[in-house]
>>> print(open('target-v7.json').read())   # JSON, C-alpha atoms
[["chain", "number", "residue", "atom", "x", "y", "z"],
["A", 1, "MET", "CA", 117.84, 92.89, -94.92],
["A", 2, "ARG", "CA", 116.16, 95.27, -97.34],
["A", 3, "LEU", "CA", 114.76, 98.54, -96.11],
["A", 4, "LYS", "CA", 111.28, 99.39, -97.40],
["A", 5, "ASN", "CA", 111.89, 103.08, -98.01],
["A", 6, "ARG", "CA", 115.08, 102.74, -100.04],
["A", 7, "LYS", "CA", 114.88, 104.39, -103.43],
["A", 8, "PHE", "CA", 116.40, 102.32, -106.23],
["A", 9, "GLU", "CA", 119.03, 104.30, -108.15],
["A", 10, "THR", "CA", 119.91, 103.73, -111.79],
["A", 11, "PHE", "CA", 123.06, 104.86, -113.57],
["A", 12, "ASN", "CA", 122.08, 104.57, -117.23],
["A", 13, "ASP", "CA", 122.06, 108.19, -118.45],
["A", 14, "GLY", "CA", 125.70, 108.45, -119.52],
["A", 15, "ILE", "CA", 129.36, 108.17, -118.66],
["A", 16, "LEU", "CA", 131.54, 110.75, -116.92],
["A", 17, "THR", "CA", 135.16, 111.28, -115.93],
["A", 18, "VAL", "CA", 136.33, 112.70, -112.58],
["A", 19, "CYS", "CA", 139.60, 114.67, -112.67],
["A", 20, "GLU", "CA", 141.90, 116.24, -110.10],
["A", 21, "VAL", "CA", 142.75, 119.89, -110.71],
["A", 22, "SER", "CA", 145.43, 122.26, -109.50],
["A", 23, "GLY", "CA", 145.08, 125.96, -110.19],
["A", 24, "ARG", "CA", 143.44, 126.21, -113.62],
["A", 25, "ALA", "CA", 144.76, 122.87, -114.91],
["A", 26, "ILE", "CA", 143.52, 119.29, -114.96],
["A", 27, "LYS", "CA", 146.40, 117.24, -113.54],
["A", 28, "ARG", "CA", 145.16, 113.64, -113.54],
["A", 29, "THR", "CA", 142.17, 111.38, -114.06],
["A", 30, "LYS", "CA", 140.80, 109.98, -110.79],
["A", 31, "PHE", "CA", 137.98, 107.90, -112.30],
["A", 32, "GLU", "CA", 136.90, 107.35, -115.89],
["A", 33, "ASN", "CA", 134.00, 105.58, -117.56],
["A", 34, "VAL", "CA", 131.80, 106.19, -114.49],
["A", 35, "ARG", "CA", 128.13, 105.53, -115.22],
["A", 36, "PHE", "CA", 125.73, 108.17, -113.91],
["A", 37, "GLY", "CA", 122.04, 108.93, -113.58],
["A", 38, "ASN", "CA", 120.60, 112.42, -114.10],
["A", 39, "LYS", "CA", 118.76, 113.90, -111.12],
["A", 40, "THR", "CA", 116.44, 116.89, -110.89],
["A", 41, "VAL", "CA", 117.96, 120.01, -109.38],
["A", 42, "GLY", "CA", 115.33, 121.03, -106.86],
["A", 43, "ALA", "CA", 114.34, 124.64, -106.25],
["A", 44, "LYS", "CA", 115.67, 124.60, -102.68],
["A", 45, "ARG", "CA", 119.06, 123.23, -103.77],
["A", 46, "PHE", "CA", 119.22, 125.78, -106.61],
["A", 47, "TRP", "CA", 118.43, 128.78, -104.40],
["A", 48, "ASP", "CA", 120.62, 127.61, -101.52],
["A", 49, "ALA", "CA", 123.53, 127.43, -103.98],
["A", 50, "LYS", "CA", 122.61, 130.83, -105.47],
["A", 51, "VAL", "CA", 122.95, 132.42, -102.01],
["A", 52, "LEU", "CA", 126.53, 131.13, -101.98],
["A", 53, "ASP", "CA", 127.12, 132.62, -105.47],
["A", 54, "THR", "CA", 127.04, 129.19, -107.13],
["A", 55, "VAL", "CA", 124.71, 128.14, -109.93],
["A", 56, "ILE", "CA", 123.94, 124.42, -110.00],
["A", 57, "SER", "CA", 123.45, 123.50, -113.65],
["A", 58, "ARG", "CA", 122.94, 119.76, -113.19],
["A", 59, "MET", "CA", 122.95, 117.00, -110.64],
["A", 60, "VAL", "CA", 123.97, 113.39, -111.18],
["A", 61, "SER", "CA", 124.12, 110.23, -109.10],
["A", 62, "VAL", "CA", 127.07, 107.82, -109.24],
["A", 63, "LEU", "CA", 128.04, 104.73, -107.30],
["A", 64, "ARG", "CA", 129.98, 105.54, -104.14],
["A", 65, "LEU", "CA", 133.61, 105.98, -105.10],
["A", 66, "PRO", "CA", 136.24, 106.89, -102.50],
["A", 67, "GLY", "CA", 138.09, 110.13, -103.14],
["A", 68, "ILE", "CA", 135.58, 112.24, -105.10],
["A", 69, "GLU", "CA", 135.90, 115.75, -103.67],
["A", 70, "ARG", "CA", 134.46, 119.24, -104.15],
["A", 71, "GLU", "CA", 137.74, 120.41, -105.68],
["A", 72, "ASP", "CA", 137.42, 117.93, -108.56],
["A", 73, "VAL", "CA", 136.15, 118.53, -112.09],
["A", 74, "VAL", "CA", 133.67, 116.25, -113.86],
["A", 75, "ILE", "CA", 133.72, 115.90, -117.65],
["A", 76, "ILE", "CA", 130.49, 114.84, -119.39],
["A", 77, "GLU", "CA", 130.41, 114.70, -123.21],
["A", 78, "GLY", "CA", 133.46, 116.98, -123.39],
["A", 79, "ARG", "CA", 131.96, 119.63, -121.11],
["A", 80, "GLN", "CA", 133.62, 120.50, -117.79],
["A", 81, "TYR", "CA", 131.72, 120.93, -114.51],
["A", 82, "ARG", "CA", 133.04, 121.90, -111.09],
["A", 83, "ILE", "CA", 131.68, 119.81, -108.22],
["A", 84, "ALA", "CA", 129.81, 122.21, -105.94],
["A", 85, "GLN", "CA", 128.58, 119.54, -103.50],
["A", 86, "VAL", "CA", 129.08, 115.84, -102.82],
["A", 87, "GLN", "CA", 126.18, 114.26, -100.93],
["A", 88, "GLU", "CA", 126.27, 110.65, -99.74],
["A", 89, "LYS", "CA", 122.93, 108.85, -100.15],
["A", 90, "PHE", "CA", 122.89, 105.94, -97.72],
["A", 91, "ASP", "CA", 119.11, 105.59, -98.04],
["A", 92, "ALA", "CA", 119.37, 104.65, -101.73],
["A", 93, "SER", "CA", 119.89, 101.20, -103.18],
["A", 94, "PRO", "CA", 122.72, 100.85, -103.95],
["A", 95, "PRO", "CA", 124.22, 103.57, -101.73],
["A", 96, "CYS", "CA", 125.52, 106.33, -104.00],
["A", 97, "LEU", "CA", 126.76, 109.90, -104.28],
["A", 98, "TYR", "CA", 124.78, 112.87, -105.56],
["A", 99, "LEU", "CA", 127.06, 115.37, -107.27],
["A", 100, "SER", "CA", 125.79, 118.93, -107.67],
["A", 101, "LEU", "CA", 127.60, 120.35, -110.70],
["A", 102, "GLU", "CA", 128.33, 123.91, -111.74],
["A", 103, "SER", "CA", 129.19, 124.71, -115.38],
["A", 104, "VAL", "CA", 132.77, 125.85, -115.89],
["A", 105, "GLN", "CA", 132.79, 129.12, -117.84],
["A", 106, "MET", "CA", 136.56, 129.17, -118.48],
["A", 107, "PRO", "CA", 137.61, 125.55, -119.12],
["A", 108, "TYR", "CA", 140.55, 124.10, -117.23],
["A", 109, "ARG", "CA", 143.69, 123.44, -119.28],
["A", 110, "ASP", "CA", 144.12, 119.68, -119.71],
["A", 111, "GLU", "CA", 147.65, 118.71, -118.62],
["A", 112, "ARG", "CA", 147.04, 114.97, -118.23],
["A", 113, "GLU", "CA", 149.63, 112.77, -119.88],
["A", 114, "GLY", "CA", 148.56, 111.82, -123.39],
["A", 115, "SER", "CA", 145.73, 114.35, -123.47],
["A", 116, "PHE", "CA", 145.07, 116.74, -126.32],
["A", 117, "ASP", "CA", 144.50, 120.34, -125.36],
["A", 118, "GLU", "CA", 143.13, 122.16, -128.41],
["A", 119, "LYS", "CA", 144.68, 125.46, -127.25],
["A", 120, "ASP", "CA", 148.25, 124.10, -127.60]]
>>> encode(input="target-v7.json", output="C-alpha coordinates")
Amino acid sequence: MRLKNRKFETFNDGILTVCEVSGRAIKRTKFENVRFGNKTVGAKRFWDAKVLDTVISRMVSVLRLPGIEREDVVIIEGRQYRIAQVQEKFDASPPCLYLSLESVQMPYRDEREGSFDEKD
(Lines of atoms letter the chains of each structure in order from A and count residues from 1; the text may use other names and numbers.)
(Lines give C-alpha, C1' and ligand atoms only; values in the text may rest on other atoms or scores of the structure.)
Protein backbone atom coordinates (compact mmCIF):
# COMPACT_ATOMS: atom_id res chain seq x y z
CA MET A 1 0.00 0.00 0.00
CA ARG A 2 1.37 3.40 -0.97
CA LEU A 3 0.68 6.39 1.21
CA LYS A 4 -0.39 9.53 -0.67
CA ASN A 5 1.63 12.00 1.36
CA ARG A 6 4.98 10.23 1.15
CA LYS A 7 7.74 12.39 -0.26
CA PHE A 8 9.97 10.57 -2.74
CA GLU A 9 13.65 10.84 -1.74
CA THR A 10 16.55 10.74 -4.18
CA PHE A 11 20.18 10.01 -3.37
CA ASN A 12 21.98 11.30 -6.45
CA ASP A 13 24.00 14.27 -5.14
CA GLY A 14 27.16 12.41 -4.15
CA ILE A 15 28.84 9.69 -2.15
CA LEU A 16 29.88 9.79 1.50
CA THR A 17 31.70 7.65 4.05
CA VAL A 18 30.59 7.15 7.67
CA CYS A 19 33.41 6.56 10.19
CA GLU A 20 33.62 5.65 13.86
CA VAL A 21 35.79 7.94 15.97
CA SER A 22 37.45 7.70 19.36
CA GLY A 23 38.91 10.81 20.92
CA ARG A 24 40.31 12.85 18.03
CA ALA A 25 40.96 9.88 15.74
CA ILE A 26 39.02 8.03 13.05
CA LYS A 27 39.23 4.36 14.05
CA ARG A 28 37.25 2.49 11.38
CA THR A 29 34.95 2.85 8.40
CA LYS A 30 31.35 1.90 9.20
CA PHE A 31 29.90 2.50 5.73
CA GLU A 32 31.51 3.65 2.49
CA ASN A 33 30.21 4.59 -0.94
CA VAL A 34 26.87 5.68 0.56
CA ARG A 35 24.80 7.69 -1.91
CA PHE A 36 23.21 10.84 -0.49
CA GLY A 37 20.85 13.65 -1.40
CA ASN A 38 21.43 17.26 -0.30
CA LYS A 39 18.67 18.80 1.81
CA THR A 40 17.98 22.41 2.74
CA VAL A 41 18.94 23.38 6.27
CA GLY A 42 15.83 25.18 7.45
CA ALA A 43 15.95 28.33 9.58
CA LYS A 44 14.32 26.59 12.56
CA ARG A 45 16.82 23.70 12.47
CA PHE A 46 19.71 26.16 12.11
CA TRP A 47 18.66 28.34 15.05
CA ASP A 48 17.70 25.40 17.27
CA ALA A 49 21.21 24.02 16.74
CA LYS A 50 22.76 27.47 17.34
CA VAL A 51 21.11 27.59 20.78
CA LEU A 52 22.97 24.37 21.59
CA ASP A 53 26.26 25.93 20.34
CA THR A 54 26.23 23.86 17.15
CA VAL A 55 26.32 25.23 13.61
CA ILE A 56 24.66 23.00 11.04
CA SER A 57 26.57 23.51 7.80
CA ARG A 58 24.70 20.97 5.67
CA MET A 59 22.04 18.31 5.78
CA VAL A 60 21.90 15.14 3.71
CA SER A 61 19.52 12.21 3.31
CA VAL A 62 20.72 8.61 3.07
CA LEU A 63 19.00 5.25 2.97
CA ARG A 64 18.33 3.86 6.44
CA LEU A 65 21.48 2.12 7.61
CA PRO A 66 21.67 0.50 11.06
CA GLY A 67 24.36 1.88 13.34
CA ILE A 68 24.79 5.49 12.16
CA GLU A 69 25.15 7.53 15.36
CA ARG A 70 25.69 11.13 16.48
CA GLU A 71 29.25 10.28 17.54
CA ASP A 72 30.23 9.35 13.97
CA VAL A 73 32.04 11.44 11.38
CA VAL A 74 30.93 11.76 7.75
CA ILE A 75 33.47 12.38 4.99
CA ILE A 76 32.25 14.06 1.79
CA GLU A 77 34.78 14.93 -0.93
CA GLY A 78 37.63 14.73 1.61
CA ARG A 79 35.94 17.07 4.09
CA GLN A 80 35.00 15.87 7.58
CA TYR A 81 31.65 16.60 9.25
CA ARG A 82 30.45 15.65 12.72
CA ILE A 83 26.90 14.28 12.84
CA ALA A 84 24.91 16.68 15.02
CA GLN A 85 21.55 14.90 14.57
CA VAL A 86 20.20 11.70 13.05
CA GLN A 87 16.50 11.91 12.16
CA GLU A 88 14.57 8.91 10.86
CA LYS A 89 12.11 9.80 8.08
CA PHE A 90 9.45 7.09 7.99
CA ASP A 91 7.12 9.30 5.94
CA ALA A 92 9.53 9.33 2.98
CA SER A 93 9.75 6.81 0.18
CA PRO A 94 11.99 4.96 0.67
CA PRO A 95 12.31 5.47 4.44
CA CYS A 96 15.62 7.23 5.08
CA LEU A 97 17.78 9.14 7.55
CA TYR A 98 18.35 12.89 7.58
CA LEU A 99 21.82 13.70 8.87
CA SER A 100 22.45 17.22 10.17
CA LEU A 101 26.17 17.85 9.73
CA GLU A 102 28.53 20.27 11.44
CA SER A 103 31.86 21.18 9.80
CA VAL A 104 34.89 19.88 11.67
CA GLN A 105 37.32 22.75 12.29
CA MET A 106 40.20 20.55 13.51
CA PRO A 107 40.14 17.38 11.38
CA TYR A 108 40.25 14.00 13.08
CA ARG A 109 43.48 12.02 12.65
CA ASP A 110 42.82 9.09 10.31
CA GLU A 111 44.02 5.88 11.99
CA ARG A 112 42.14 3.42 9.79
CA GLU A 113 44.23 0.55 8.48
CA GLY A 114 45.67 1.37 5.05
CA SER A 115 44.72 5.05 5.29
CA PHE A 116 47.04 7.91 4.48
CA ASP A 117 47.20 10.69 7.01
CA GLU A 118 49.02 13.63 5.43
CA LYS A 119 50.29 14.80 8.84
CA ASP A 120 52.39 11.63 9.34
>>> residues_around(input="target-v7.json", residues="Pro107 of chain A", least_positions_apart="5", cutoff="10 Å", atoms="all atoms listed in the file", output="list in words")
Arg24, Ala25, Ile26, Arg79, Gln80, Tyr81 and Arg82 of chain A
>>> residues_around(input="target-v7.json", residues="segment 86-97 of chain A", least_positions_apart="2", cutoff="9 Å", atoms="all atoms listed in the file", output="PyMOL selection string")
chain A and resi 3+5-10+60-65+68-70+83-84+99-100
>>> residues_around(input="target-v7.json", residues="Thr29 of chain A", least_positions_apart="6", cutoff="8 Å", atoms="all atoms listed in the file", output="JSON, numbers by chain")
{"A": [17, 18, 19, 20, 112]}
>>> atom_distance(input="target-v7.json", atom1="atom CA of Asn33 of chain A", atom2="atom CA of Ile15 of chain A")
5.4 Å
>>> closest_residue(input="target-v7.json", among="A:Gln85, A:Tyr98, A:Met106, A:Ile56", to="Glu71 of chain A", atoms="all atoms listed in the file")
A:Gln85
>>> closest_residue(input="target-v7.json", among="A:Lys27, A:Asn38, A:Val21, A:Glu77", to="Ser57 of chain A", atoms="all atoms listed in the file")
A:Asn38
>>> atom_distance(input="target-v7.json", atom1="atom CA of Arg109 of chain A", atom2="atom CA of Pro66 of chain A")
24.7 Å
>>> closest_residue(input="target-v7.json", among="A:Ser22, A:Leu16, A:Val55, A:Val34", to="Tyr108 of chain A", atoms="all atoms listed in the file")
A:Ser22
